[in-house]
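Peer 1: What follows is model-v3.cif, mmCIF, C-alpha atoms.
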```cif
data_my_file
loop_
_atom_site.label_atom_id
_atom_site.label_comp_id
_atom_site.auth_asym_id
_atom_site.auth_seq_id
_atom_site.Cartn_x
_atom_site.Cartn_y
_atom_site.Cartn_z
CA MET A 1 99.89 87.76 103.76
CA GLN A 2 102.61 85.91 105.54
CA VAL A 3 105.67 84.70 103.69
CA SER A 4 107.36 81.92 105.59
CA TYR A 5 110.97 80.96 105.34
CA THR A 6 109.78 77.61 103.97
CA HIS A 7 108.19 79.36 100.98
CA VAL A 8 111.35 81.31 100.31
CA LEU A 9 113.42 78.14 100.60
CA ILE A 10 111.15 76.29 98.15
CA ILE A 11 111.43 79.11 95.67
CA ILE A 12 115.23 79.22 95.99
CA ILE A 13 115.63 75.45 95.66
CA GLY A 14 113.11 75.37 92.82
CA SER A 15 114.92 78.01 90.85
CA LEU A 16 118.26 76.29 91.47
CA LEU A 17 116.81 73.04 90.13
CA PHE A 18 115.34 74.85 87.14
CA GLU A 19 118.68 76.44 86.41
CA SER A 20 120.50 73.13 86.55
CA CYS A 21 117.94 71.69 84.13
CA GLU A 22 118.64 74.56 81.80
CA LYS A 23 122.33 73.80 81.96
CA ASP A 24 121.69 70.27 80.72
CA HIS A 25 119.60 71.50 77.80
CA ILE A 26 120.58 74.90 76.60
CA VAL A 27 118.09 75.96 73.96
CA LYS A 28 119.04 78.80 71.69
CA ASP A 29 117.67 80.32 68.53
CA GLY A 30 119.94 79.84 65.57
CA MET A 31 120.39 78.23 62.19
CA LYS A 32 119.91 74.53 61.36
CA PRO A 33 121.07 72.66 58.25
CA ILE A 34 118.49 71.48 55.74
CA TYR A 35 119.61 68.11 54.43
CA ILE A 36 119.02 66.24 51.20
CA ARG A 37 119.73 62.52 51.13
CA TYR A 38 122.68 61.53 48.98
CA ASP A 39 120.49 59.27 46.86
CA ASP A 40 117.81 61.90 46.31
CA PHE A 41 118.28 63.51 42.90
CA SER A 42 114.70 64.73 42.54
CA GLY A 43 115.89 68.33 42.87
CA LEU A 44 118.21 68.10 39.86
CA LYS A 45 116.47 70.16 37.21
CA SER A 46 116.51 73.13 34.90
CA GLY A 47 114.57 76.16 36.08
CA PRO A 48 114.25 79.91 35.59
CA PRO A 49 117.26 82.21 36.30
CA LEU A 50 118.06 82.97 39.95
CA PRO A 51 119.89 85.89 41.62
CA TYR A 52 123.66 85.73 42.12
CA GLN A 53 124.75 85.26 45.74
CA ASN A 54 128.04 83.46 46.05
CA LEU A 55 129.56 82.70 42.67
CA GLY A 56 132.24 80.08 42.07
CA LYS A 57 133.77 78.26 39.12
CA ILE A 58 133.24 79.43 35.54
CA VAL A 59 133.21 77.67 32.15
CA SER A 60 132.51 79.15 28.73
CA ALA A 61 131.42 76.93 25.86
CA GLY A 62 130.50 78.35 22.48
CA GLN A 63 128.15 81.26 23.00
CA PHE A 64 127.26 80.20 26.54
CA ILE A 65 128.73 80.99 29.94
CA PHE A 66 128.17 78.69 32.91
CA ILE A 67 128.82 79.91 36.47
CA ASN A 68 128.55 77.91 39.68
CA GLU A 69 126.41 79.21 42.51
CA ILE A 70 128.37 77.64 45.35
CA GLY A 71 126.56 74.58 46.75
CA LYS A 72 123.40 75.17 44.71
CA GLY A 73 123.89 74.72 40.97
CA ILE A 74 124.80 76.46 37.73
CA HIS A 75 123.71 79.76 36.15
CA VAL A 76 123.37 79.48 32.36
CA ILE A 77 123.96 82.64 30.33
CA ASN A 78 123.49 83.16 26.62
CA ASN A 79 126.45 85.38 25.75
CA SER A 80 125.98 85.60 21.97
CA ASN A 81 126.01 89.37 22.54
CA PRO A 82 128.54 90.18 25.31
CA ASN A 83 127.07 93.70 25.50
CA GLU A 84 123.81 92.19 26.65
CA PRO A 85 124.37 88.78 28.23
CA ASN A 86 121.10 87.02 28.81
CA GLN A 87 120.43 84.78 31.80
CA ILE A 88 118.40 81.88 30.53
CA TYR A 89 118.37 79.07 33.11
CA PHE A 90 119.45 77.97 36.54
CA TRP A 91 120.33 74.30 36.75
CA SER A 92 119.67 73.23 40.32
CA ILE A 93 122.27 70.69 41.57
CA VAL A 94 122.40 70.64 45.36
CA GLY A 95 125.96 70.49 46.72
CA ASN A 96 127.56 71.48 43.40
CA THR A 97 130.87 73.35 43.41
CA GLU A 98 132.87 71.79 40.54
CA PHE A 99 131.92 71.15 36.92
CA THR A 100 132.94 71.05 33.30
CA ILE A 101 131.19 70.58 29.97
CA PHE A 102 132.05 68.32 27.03
CA GLN A 103 129.81 68.22 23.97
CA ASN A 104 126.29 67.72 25.35
CA VAL A 105 127.38 66.42 28.72
CA LEU A 106 127.79 68.23 32.03
CA TYR A 107 130.14 66.67 34.58
CA ALA A 108 129.30 68.04 38.02
CA ASN A 109 129.93 67.11 41.64
CA ASN A 110 127.42 67.19 44.47
CA GLY A 111 130.01 67.15 47.26
CA LYS A 112 130.27 63.34 47.21
CA ASP A 113 129.57 61.86 43.77
CA LEU A 114 130.42 62.82 40.20
CA LEU A 115 127.18 63.29 38.27
CA ILE A 116 126.98 62.82 34.50
CA ILE A 117 124.17 64.99 33.21
CA ASP A 118 122.77 65.15 29.68
CA ILE A 119 122.29 68.80 28.67
CA THR A 120 121.23 68.27 25.04
CA ASP A 121 118.01 70.07 25.97
CA PHE A 122 118.96 73.01 28.26
CA ASP A 123 115.33 73.21 29.33
CA ASN A 124 115.17 69.62 30.45
CA ILE A 125 118.50 68.31 31.78
CA SER A 126 118.66 64.70 32.94
CA LEU A 127 120.96 62.55 35.04
CA SER A 128 122.70 59.87 32.89
CA LYS A 129 125.06 58.27 35.38
CA ILE A 130 126.45 58.59 38.91
CA ILE A 131 130.09 57.85 39.73
CA LYS A 132 129.94 57.34 43.46
CA ASP A 133 132.31 58.62 46.13
CA GLN A 134 134.57 60.64 43.87
CA TYR A 135 134.89 63.23 46.65
CA PRO A 136 135.86 62.61 50.28
CA LEU A 137 133.18 63.82 52.66
CA ASP A 138 134.70 64.12 56.08
CA ILE A 139 136.56 67.33 55.38
CA LEU A 140 133.51 69.49 54.85
CA GLU A 141 133.15 72.14 57.50
CA LEU A 142 130.18 74.17 56.40
CA HIS A 143 128.62 77.14 58.10
CA PRO A 144 125.80 79.57 57.22
CA GLU A 145 126.95 82.51 55.07
CA ASN A 146 126.61 86.08 56.29
CA TYR A 147 125.50 84.91 59.73
CA THR A 148 126.90 85.44 63.19
CA GLY A 149 125.83 83.27 66.10
CA TYR A 150 125.04 79.69 67.05
CA PHE A 151 124.18 77.05 64.48
CA GLU A 152 123.69 73.29 64.47
CA CYS A 153 126.90 71.76 63.11
CA TYR A 154 126.59 70.27 59.63
CA ASN A 155 126.94 66.48 59.76
CA TYR A 156 127.94 65.01 56.40
CA LYS A 157 126.53 61.61 57.44
CA LEU A 158 123.03 63.03 57.28
CA GLY A 159 123.19 64.19 53.65
CA ILE A 160 124.05 67.08 51.37
CA LEU A 161 123.58 70.57 52.72
CA LYS A 162 120.72 72.19 50.82
CA GLY A 163 120.59 75.36 52.91
CA TRP A 164 120.00 76.73 56.39
CA GLU A 165 116.79 77.53 58.26
CA LYS A 166 116.03 79.28 61.53
CA GLY A 167 115.18 77.00 64.41
CA GLU A 168 115.60 76.14 68.09
CA LEU A 169 118.98 74.59 68.80
CA ILE A 170 119.54 72.24 71.73
CA ASN A 171 123.02 72.52 73.20
CA PRO A 172 124.50 74.15 70.11
CA TYR A 173 128.22 73.50 69.67
CA CYS A 174 129.00 75.41 66.47
CA LYS A 175 129.20 79.17 66.37
CA THR A 176 130.37 81.80 63.91
CA ASN A 177 131.99 84.96 65.19
CA MET B 1 120.30 89.48 -13.95
CA ARG B 2 123.18 87.08 -14.35
CA SER B 3 125.39 89.28 -12.12
CA THR B 4 122.67 89.31 -9.44
CA ILE B 5 122.61 85.54 -9.39
CA TYR B 6 126.41 85.41 -9.14
CA PHE B 7 126.25 87.92 -6.31
CA LEU B 8 123.66 85.84 -4.45
CA PHE B 9 125.67 82.68 -5.03
CA ILE B 10 128.88 84.25 -3.71
CA SER B 11 127.05 85.72 -0.70
CA LEU B 12 125.66 82.31 0.11
CA LEU B 13 129.15 80.85 -0.01
CA PHE B 14 130.37 83.46 2.44
CA LEU B 15 127.37 82.87 4.67
CA SER B 16 127.84 79.12 4.74
CA ALA B 17 131.54 79.61 5.53
CA CYS B 18 130.60 81.78 8.50
CA ILE B 19 128.11 79.26 9.82
CA SER B 20 130.43 76.28 9.60
CA GLU B 21 133.20 78.25 11.34
CA ASP B 22 130.80 79.08 14.14
CA ILE B 23 129.84 75.46 14.66
CA ASN B 24 133.46 74.32 14.64
CA SER B 25 134.52 76.97 17.09
CA SER B 26 131.70 76.24 19.51
CA ALA B 27 132.59 72.54 19.54
CA GLU B 28 136.21 73.24 20.43
CA SER B 29 135.84 76.36 22.51
CA THR B 30 135.13 75.09 26.02
CA LYS B 31 137.29 77.22 28.28
CA SER B 32 137.55 76.99 32.05
CA GLY B 33 138.49 79.52 34.67
CA SER B 34 141.83 79.03 36.42
CA TYR B 35 140.13 77.48 39.47
CA ALA B 36 138.92 74.52 37.39
CA THR B 37 139.23 71.08 38.99
CA MET B 38 137.80 69.15 36.02
CA LEU B 39 139.13 69.29 32.46
CA THR B 40 138.41 67.35 29.30
CA ILE B 41 141.38 66.83 26.98
CA SER B 42 140.66 64.89 23.76
CA ASN B 43 138.75 61.81 24.99
CA TYR B 44 139.79 62.04 28.60
CA LEU B 45 138.24 63.67 31.64
CA TYR B 46 140.61 64.63 34.46
CA VAL B 47 139.14 65.30 37.90
CA VAL B 48 141.04 66.41 40.98
CA ASN B 49 139.54 66.24 44.45
CA LYS B 50 141.37 67.46 47.59
CA THR B 51 144.06 64.78 47.36
CA GLN B 52 143.81 62.75 44.12
CA ILE B 53 143.64 62.95 40.35
CA THR B 54 141.35 60.57 38.48
CA THR B 55 141.44 59.88 34.73
CA PHE B 56 138.28 58.85 32.90
CA ASP B 57 137.88 57.68 29.32
CA ILE B 58 134.99 59.67 27.85
CA SER B 59 134.91 58.18 24.35
CA ILE B 60 131.24 57.78 25.22
CA PRO B 61 130.76 61.18 26.89
CA ASN B 62 127.75 60.25 29.03
CA SER B 63 129.38 57.07 30.26
CA PRO B 64 132.88 57.79 31.62
CA VAL B 65 135.09 54.82 32.45
CA GLU B 66 137.67 55.24 35.21
CA LEU B 67 141.18 54.43 33.93
CA ASN B 68 143.39 55.56 36.77
CA LYS B 69 143.37 57.21 40.18
CA GLN B 70 146.47 58.44 42.00
CA GLU B 71 147.39 60.38 45.12
CA VAL B 72 148.80 63.85 44.47
CA GLY B 73 149.01 65.85 47.71
CA PHE B 74 146.88 67.87 50.12
CA ASP B 75 144.36 70.64 49.62
CA ILE B 76 144.37 70.60 45.84
CA GLU B 77 142.65 73.65 44.40
CA SER B 78 143.20 73.82 40.67
CA LEU B 79 143.96 71.91 37.48
CA TYR B 80 145.42 73.52 34.34
CA HIS B 81 146.39 72.05 30.98
CA HIS B 82 149.28 73.27 28.84
CA ALA B 83 150.84 71.37 25.91
CA GLY B 84 150.40 67.85 27.27
CA LEU B 85 151.20 68.88 30.83
CA LEU B 86 148.79 69.04 33.75
CA LEU B 87 149.65 71.65 36.38
CA ILE B 88 148.01 71.05 39.73
CA GLY B 89 147.86 73.77 42.37
CA SER B 90 147.68 72.72 46.01
CA ALA B 91 148.05 74.52 49.33
CA ASN B 92 151.82 74.32 49.32
CA ASN B 93 152.97 72.76 46.04
CA MET B 94 152.78 73.21 42.30
CA TYR B 95 152.69 69.72 40.76
CA ILE B 96 153.50 69.08 37.11
CA TYR B 97 152.27 65.89 35.45
CA LYS B 98 152.85 64.74 31.88
CA ILE B 99 149.97 63.05 30.09
CA GLY B 100 151.10 59.69 28.69
CA THR B 101 150.01 58.26 25.34
CA ASN B 102 147.47 56.16 27.26
CA GLY B 103 145.98 59.38 28.68
CA ILE B 104 147.25 58.69 32.20
CA PRO B 105 149.27 61.47 33.85
CA ALA B 106 152.63 60.79 35.53
CA ARG B 107 154.37 63.14 37.94
CA GLU B 108 157.35 65.11 36.67
CA SER B 109 157.89 67.49 39.58
CA ALA B 110 156.57 68.99 42.81
CA THR B 111 157.65 72.53 43.60
CA GLU B 112 157.16 73.71 47.16
CA TYR B 113 156.03 77.25 47.83
CA ASN B 114 157.86 77.24 51.14
CA GLN B 115 159.57 80.38 52.30
CA ALA B 116 162.99 80.43 53.87
CA PHE B 117 163.70 77.95 56.69
CA GLY B 118 160.86 75.67 55.56
CA THR B 119 158.07 77.81 56.94
CA GLU B 120 154.84 76.12 55.95
CA VAL B 121 152.63 78.27 53.82
CA CYS B 122 148.88 78.01 53.54
CA THR B 123 147.47 79.31 50.32
CA SER B 124 145.08 78.89 47.47
CA ASP B 125 146.74 78.95 44.12
CA PRO B 126 145.55 78.70 40.55
CA ILE B 127 148.16 78.46 37.78
CA VAL B 128 148.28 79.59 34.14
CA VAL B 129 151.03 79.03 31.58
CA LYS B 130 152.34 80.94 28.58
CA GLU B 131 155.11 79.27 26.63
CA ASN B 132 157.72 78.24 29.21
CA LEU B 133 156.47 80.41 32.08
CA ALA B 134 153.95 79.49 34.77
CA TYR B 135 152.12 82.29 36.61
CA VAL B 136 150.80 81.30 40.03
CA THR B 137 148.83 83.30 42.57
CA LEU B 138 149.24 82.48 46.24
CA SER B 139 146.71 83.86 48.67
CA SER B 140 146.12 83.13 52.33
CA PHE B 141 142.95 83.55 54.31
CA THR B 142 142.92 84.53 57.94
CA GLU B 143 140.02 82.20 58.67
CA VAL B 144 141.74 79.09 57.31
CA CYS B 145 145.41 79.82 57.79
CA ARG B 146 145.80 80.40 61.51
CA GLY B 147 149.31 79.53 62.60
CA PHE B 148 150.73 79.45 59.07
CA ALA B 149 152.86 81.99 57.31
CA ARG B 150 150.51 84.15 55.27
CA ILE B 151 151.50 85.28 51.82
CA ASN B 152 149.66 87.04 49.01
CA GLN B 153 151.78 86.94 45.89
CA LEU B 154 152.05 86.46 42.19
CA ARG B 155 154.94 84.16 41.35
CA VAL B 156 156.53 83.44 37.98
CA PHE B 157 158.25 80.08 37.41
CA ASP B 158 160.36 78.97 34.48
CA ILE B 159 159.00 75.51 33.58
CA GLN B 160 161.06 74.95 30.42
CA ASP B 161 162.56 72.06 32.35
CA PHE B 162 159.30 70.87 33.89
CA LYS B 163 161.16 68.37 36.04
CA ALA B 164 162.78 71.30 37.87
CA PRO B 165 160.79 74.57 37.75
CA LYS B 166 162.74 77.67 38.77
CA LEU B 167 161.24 80.63 40.63
CA LEU B 168 162.02 83.80 38.66
CA THR B 169 159.90 86.58 40.12
CA THR B 170 157.72 87.28 43.17
CA ILE B 171 155.29 90.19 43.30
CA ASP B 172 153.30 91.09 46.41
CA MET B 173 149.56 91.53 45.95
CA THR B 174 146.59 92.15 48.25
CA SER B 175 144.50 88.96 47.89
CA PRO B 176 145.10 87.45 44.44
CA LYS B 177 142.74 84.80 43.01
CA GLY B 178 142.09 83.47 39.51
CA LEU B 179 144.15 84.63 36.55
CA GLY B 180 144.46 84.48 32.78
CA ILE B 181 146.75 85.53 29.94
CA GLY B 182 145.92 87.83 27.02
CA LYS B 183 148.13 88.75 24.07
CA THR B 184 150.42 91.15 25.94
CA HIS B 185 149.00 91.28 29.47
CA LEU B 186 148.33 89.10 32.48
CA PHE B 187 144.92 89.58 34.13
CA VAL B 188 144.65 88.73 37.84
CA CYS B 189 141.50 88.77 39.98
CA ASP B 190 141.94 90.10 43.48
CA LYS B 191 139.40 89.71 46.27
CA VAL B 192 140.16 93.22 47.55
CA ASP B 193 141.46 95.12 44.52
CA GLY B 194 139.12 93.71 41.85
CA LEU B 195 141.03 93.15 38.60
CA VAL B 196 144.76 93.84 38.31
CA MET B 197 146.54 94.01 34.94
CA PHE B 198 150.23 93.33 34.37
CA ASN B 199 152.22 94.20 31.26
CA LEU B 200 154.14 91.17 29.95
CA ASP B 201 156.60 92.96 27.64
CA ASN B 202 159.18 91.09 29.66
CA PRO B 203 157.16 87.92 30.37
CA SER B 204 159.30 86.87 33.32
CA LYS B 205 158.91 90.28 35.01
CA PRO B 206 155.25 91.33 34.94
CA ILE B 207 154.72 95.05 35.57
CA LYS B 208 151.50 96.21 37.18
CA VAL B 209 149.84 98.75 34.90
CA LYS B 210 146.18 99.02 35.88
CA THR B 211 143.64 98.15 38.56
CA ILE B 212 139.87 98.09 38.08
CA SER B 213 138.27 98.02 41.51
CA GLY B 214 134.78 97.98 42.99
CA PHE B 215 134.19 94.24 43.20
CA GLU B 216 135.52 91.08 44.87
CA GLY B 217 137.34 89.47 41.96
CA PHE B 218 137.34 85.65 41.98
CA ASP B 219 138.18 84.18 38.57
CA LEU B 220 138.28 84.99 34.87
CA ILE B 221 138.37 83.58 31.35
CA VAL B 222 140.20 85.16 28.43
CA ASN B 223 138.27 84.17 25.30
CA GLY B 224 139.85 85.83 22.26
CA ASN B 225 139.01 89.52 22.51
CA LEU B 226 136.65 88.96 25.41
CA LEU B 227 137.53 89.00 29.11
CA VAL B 228 134.89 87.45 31.38
CA VAL B 229 135.34 88.20 35.09
CA VAL B 230 133.46 86.51 37.93
CA ALA B 231 133.16 88.51 41.12
CA LYS B 232 131.44 87.33 44.30
CA ASP B 233 127.97 88.29 43.07
CA LYS B 234 128.45 89.65 39.56
CA LEU B 235 129.65 88.78 36.10
CA LEU B 236 131.62 91.52 34.28
CA GLN B 237 132.76 91.54 30.65
CA TYR B 238 135.43 93.60 28.90
CA ASP B 239 136.54 94.01 25.30
CA ILE B 240 140.31 93.37 25.35
CA SER B 241 141.01 93.71 21.61
CA ASP B 242 143.17 96.66 22.70
CA GLU B 243 144.71 95.45 25.96
CA ILE B 244 146.09 98.88 26.83
CA ASN B 245 142.61 100.38 26.74
CA ILE B 246 140.28 97.59 27.74
CA LYS B 247 136.60 98.52 27.38
CA TYR B 248 133.84 97.66 29.84
CA LEU B 249 131.01 95.91 28.02
CA SER B 250 128.42 94.64 30.46
CA LYS B 251 127.57 93.37 33.89
CA ILE B 252 125.06 90.99 35.42
CA ASP B 253 124.40 91.56 39.10
CA LEU B 254 121.10 90.47 40.46
#
```
Take the structure in the file and write it out as structure tokens.
Peer 2:
Amino acid sequence: MQVSYTHVLIIIIGSLLFESCEKDHIVKDGMKPIYIRYDDFSGLKSGPPLPYQNLGKIVSAGQFIFINEIGKGIHVINNSNPNEPNQIYFWSIVGNTEFTIFQNVLYANNGKDLLIIDITDFDNISLSKIIKDQYPLDILELHPENYTGYFECYNYKLGILKGWEKGELINPYCKTN
Amino acid sequence: MRSTIYFLFISLLFLSACISEDINSSAESTKSGSYATMLTISNYLYVVNKTQITTFDISIPNSPVELNKQEVGFDIESLYHHAGLLLIGSANNMYIYKIGTNGIPARESATEYNQAFGTEVCTSDPIVVKENLAYVTLSSFTEVCRGFARINQLRVFDIQDFKAPKLLTTIDMTSPKGLGIGKTHLFVCDKVDGLVMFNLDNPSKPIKVKTISGFEGFDLIVNGNLLVVVAKDKLLQYDISDEINIKYLSKIDL
């Protein structure tokens, strides 16, 4: 078999072209944000207890303790016996980091709005009112926890960050070291 | 027979007294960790975001009405209530506001945490108060505070004159976070050291007496004889009826 210079040239030029294409569209494996629309409150509900991952603010009221799971919601603990605290519910509120409780009402943020939530029935919490735009959005710089590498930058215009998933990233800009 | 009935009657009285006390205490016993940014005080809800404080009327709890919104500063982290005062912790200032009769807070003072020669500090700083003293933790993170002076301290301020707080004491710590006050001790969470206890025999000069390590301490609530500590991924509880010998009670870590 005869390999001509033309063949070699084509291969070289071809690979150069291919490389330049790759430079325009770098595709890498990494993490992508999962968004929830700001007006979507379908995920706000009471559910079974969840594991602790990244705990935040704490409130105690009567025999109960409430602890924020950063960005995800609130752990509800029956602490009538502090020797054996009993996890009873997880209230899922995507984007939640701040809250307090007054009588049968939970005041909680979702990163943008202040949500007024009726907790008369712990098993069946319900949204009473939304006070919009209590929190400024443009200062959120979120990144995946316990992860090193490229990720698609979180864009607050697209919604609340629900979590991160693995995916192919095109020209990723954000990176954790 | 008659004595048995009397006995039953008296027992019932005791029982009913216990129950009503329980109900009363649960209605009034909402306590927040020192990193709180929302507080309810009588019929008002106070909310701080990164730069502002907003006052809501919550006479109808599930339908708050905004009364007032005002600019405070930058990077606000915490809101604490003491005797009609609101203390607001931000990245480089402790702000003191007085709640007016209309429920709306008005600024009394802003105390900068700056070091000598106006070096800007970058911290996170909850505040708690006992009588006329404010205890503040300042902690800096490498990831956020590039280019700023980094400090990790407990500071004690005299706020008797809340228009002009005076710094009394500074104590270096590793990475202090949320804090709370017991009967005779100050409890401070530390991201590296866990839980650090200070003796307050001389309230303006806390003396470190004990460290309980093994977790990343974040915040705590002192609730009577109970100390509730939140670490990164666990909840720890201690009996502090004897603050010199606090007793571990339980843990949730899933």
Peer 1: Show me, as a VMD selection string, every residue of chain B with an atom at most 6 Å from chain A, counting only C-alpha atoms.
Peer 2: chain B and resid 26 29 to 33 38 49 232 to 233 249 to 250 254
Peer 1: When you count only C-alpha atoms, which of these residues is closest to Lys166 in chain B: B:Val192, B:Asp201, B:Thr111, B:Pro206?
Peer 2: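 Checking each of B:Val192, B:Asp201, B:Thr111, B:Pro206 against Lys166 in chain B, counting only C-alpha atoms, the winner is B:Thr111.
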Peer 1: List the residues matched by the PyMOL selection byres ((chain B and resi 175-189) around 7) in the displayed structure as a list of chain:residue names, ordered by chain and then by residue number.
Peer 2: B:Ser34, B:Tyr35, B:Pro126, B:Val128, B:Thr137, B:Leu138, B:Ser139, B:Asn152, B:Gln153, B:Met173, B:Thr174, B:Asp190, B:Lys191, B:Val192, B:Gly194, B:Leu195, B:Val196, B:Met197, B:Phe198, B:Asn199, B:Leu200, B:Asp201, B:Gly217, B:Phe218, B:Asp219, B:Leu220, B:Ile221, B:Val222, B:Glu243
Peer 1: Please check which residues have atoms at most 9 Å from (114.0, 74.7, 49.3) in the file's coordinates, counting all atoms listed in the file, and write them as JSON, numbers by chain.
Peer 2: {"A": [34, 162, 163]}
Peer 1: Find the residues around Leu158 in chain A up to 9 Å (all atoms listed in the file counted), leave out those fewer than 2 positions away in its own chain, and share them as a ChimeraX atom specification.
Peer 2: /A:35-38,154-156,160-161
Peer 1: Closest to Trp164 in chain A among A:Ser46, A:Ile93, A:His143, A:Tyr150, using all atoms listed in the file?
Peer 2: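 Once distances to Trp164 in chain A are computed over all atoms listed in the file, the minimum belongs to A:His143.
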Peer 1: Using 8 Å of padding on each side, determine the axis-aligned box around all atoms of range 201-207 of chain B present in the file and give its centre and edge lengths in Å to one decimal, as AutoDock Vina command-line options.
Peer 2:
```
--center_x 157.0 --center_y 91.0 --center_z 31.6 --size_x 20.6 --size_y 24.2 --size_z 23.9
```
Peer 1: Please indicate the distance in Å from CA of Gln52 in chain B to CA of Phe74 in chain B, rounded to one decimal place.
Peer 2: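 Separation of CA of Gln52 in chain B and CA of Phe74 in chain B: 8.5 Å.
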Peer 1: In Å, with one decimal, what is the gap from CA of Asp161 in chain B to CA of Ser204 in chain B?
Peer 2: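 Interatomic distance, CA of Asp161 in chain B to CA of Ser204 in chain B: 15.2 Å.
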Peer 1: Please report the interatomic distance between CA of Val65 in chain B and CA of Leu45 in chain B in Å with one decimal.
Peer 2: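 Atom-to-atom, CA of Val65 in chain B to CA of Leu45 in chain B, that is 9.4 Å.
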Peer 1: Tell me which of B:Leu39, B:Leu227, B:Ala83, B:Ala110 sits closest to Thr54 in chain B, counting all atoms listed in the file.
Peer 2: B:Leu39
Peer 1: Which of these residues is nearest to Asn110 in chain A, using all atoms listed in the file: A:Ile88, A:Leu142, A:Cys153, A:Leu44?
Peer 2: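 Closest residue, counting all atoms listed in the file: A:Leu44.
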Peer 1: As a list in words, please: the residues near Arg155 in chain B (cut-off 10 Å, all atoms listed in the file, same-chain neighbours under 3 positions excluded).
Peer 2: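 In the requested format, the answer is Tyr113, Ile127, Ala134, Tyr135, Val136, Thr137, Leu138, Asn152, Leu167, Leu168, Thr169, Thr170, Ile171, Asp172, Ser204, Lys205 and Pro206 of chain B.
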Peer 1: Is it possible to add N, CA and C atoms to range 82-95 of chain B and hand it back as a compact mmCIF listing (two decimals), in the coordinates of the input?
Peer 2:
```txt
# COMPACT_ATOMS: atom_id res chain seq x y z
N HIS B 82 148.45 72.54 29.79
CA HIS B 82 149.28 73.27 28.84
C HIS B 82 150.17 72.28 28.10
N ALA B 83 149.95 72.15 26.79
CA ALA B 83 150.84 71.37 25.91
C ALA B 83 151.19 69.98 26.47
N GLY B 84 150.16 69.21 26.81
CA GLY B 84 150.40 67.85 27.27
C GLY B 84 150.82 67.74 28.73
N LEU B 85 150.88 68.90 29.40
CA LEU B 85 151.20 68.88 30.83
C LEU B 85 149.96 69.25 31.63
N LEU B 86 149.83 68.63 32.81
CA LEU B 86 148.79 69.04 33.75
C LEU B 86 149.48 69.71 34.92
N LEU B 87 149.08 70.95 35.23
CA LEU B 87 149.65 71.65 36.38
C LEU B 87 148.59 71.66 37.47
N ILE B 88 148.97 71.18 38.63
CA ILE B 88 148.01 71.05 39.73
C ILE B 88 148.46 71.95 40.87
N GLY B 89 147.56 72.86 41.27
CA GLY B 89 147.86 73.77 42.37
C GLY B 89 147.32 73.21 43.67
N SER B 90 148.15 73.15 44.69
CA SER B 90 147.68 72.72 46.01
C SER B 90 148.12 73.77 47.03
N ALA B 91 147.79 73.51 48.31
CA ALA B 91 148.05 74.52 49.33
C ALA B 91 149.53 74.89 49.44
N ASN B 92 150.42 73.93 49.19
CA ASN B 92 151.82 74.32 49.32
C ASN B 92 152.74 73.78 48.23
N ASN B 93 152.15 73.27 47.14
CA ASN B 93 152.97 72.76 46.04
C ASN B 93 152.35 73.07 44.69
N MET B 94 153.22 73.25 43.69
CA MET B 94 152.78 73.21 42.30
C MET B 94 153.28 71.87 41.74
N TYR B 95 152.33 71.02 41.31
CA TYR B 95 152.69 69.72 40.76
C TYR B 95 152.60 69.78 39.24
```
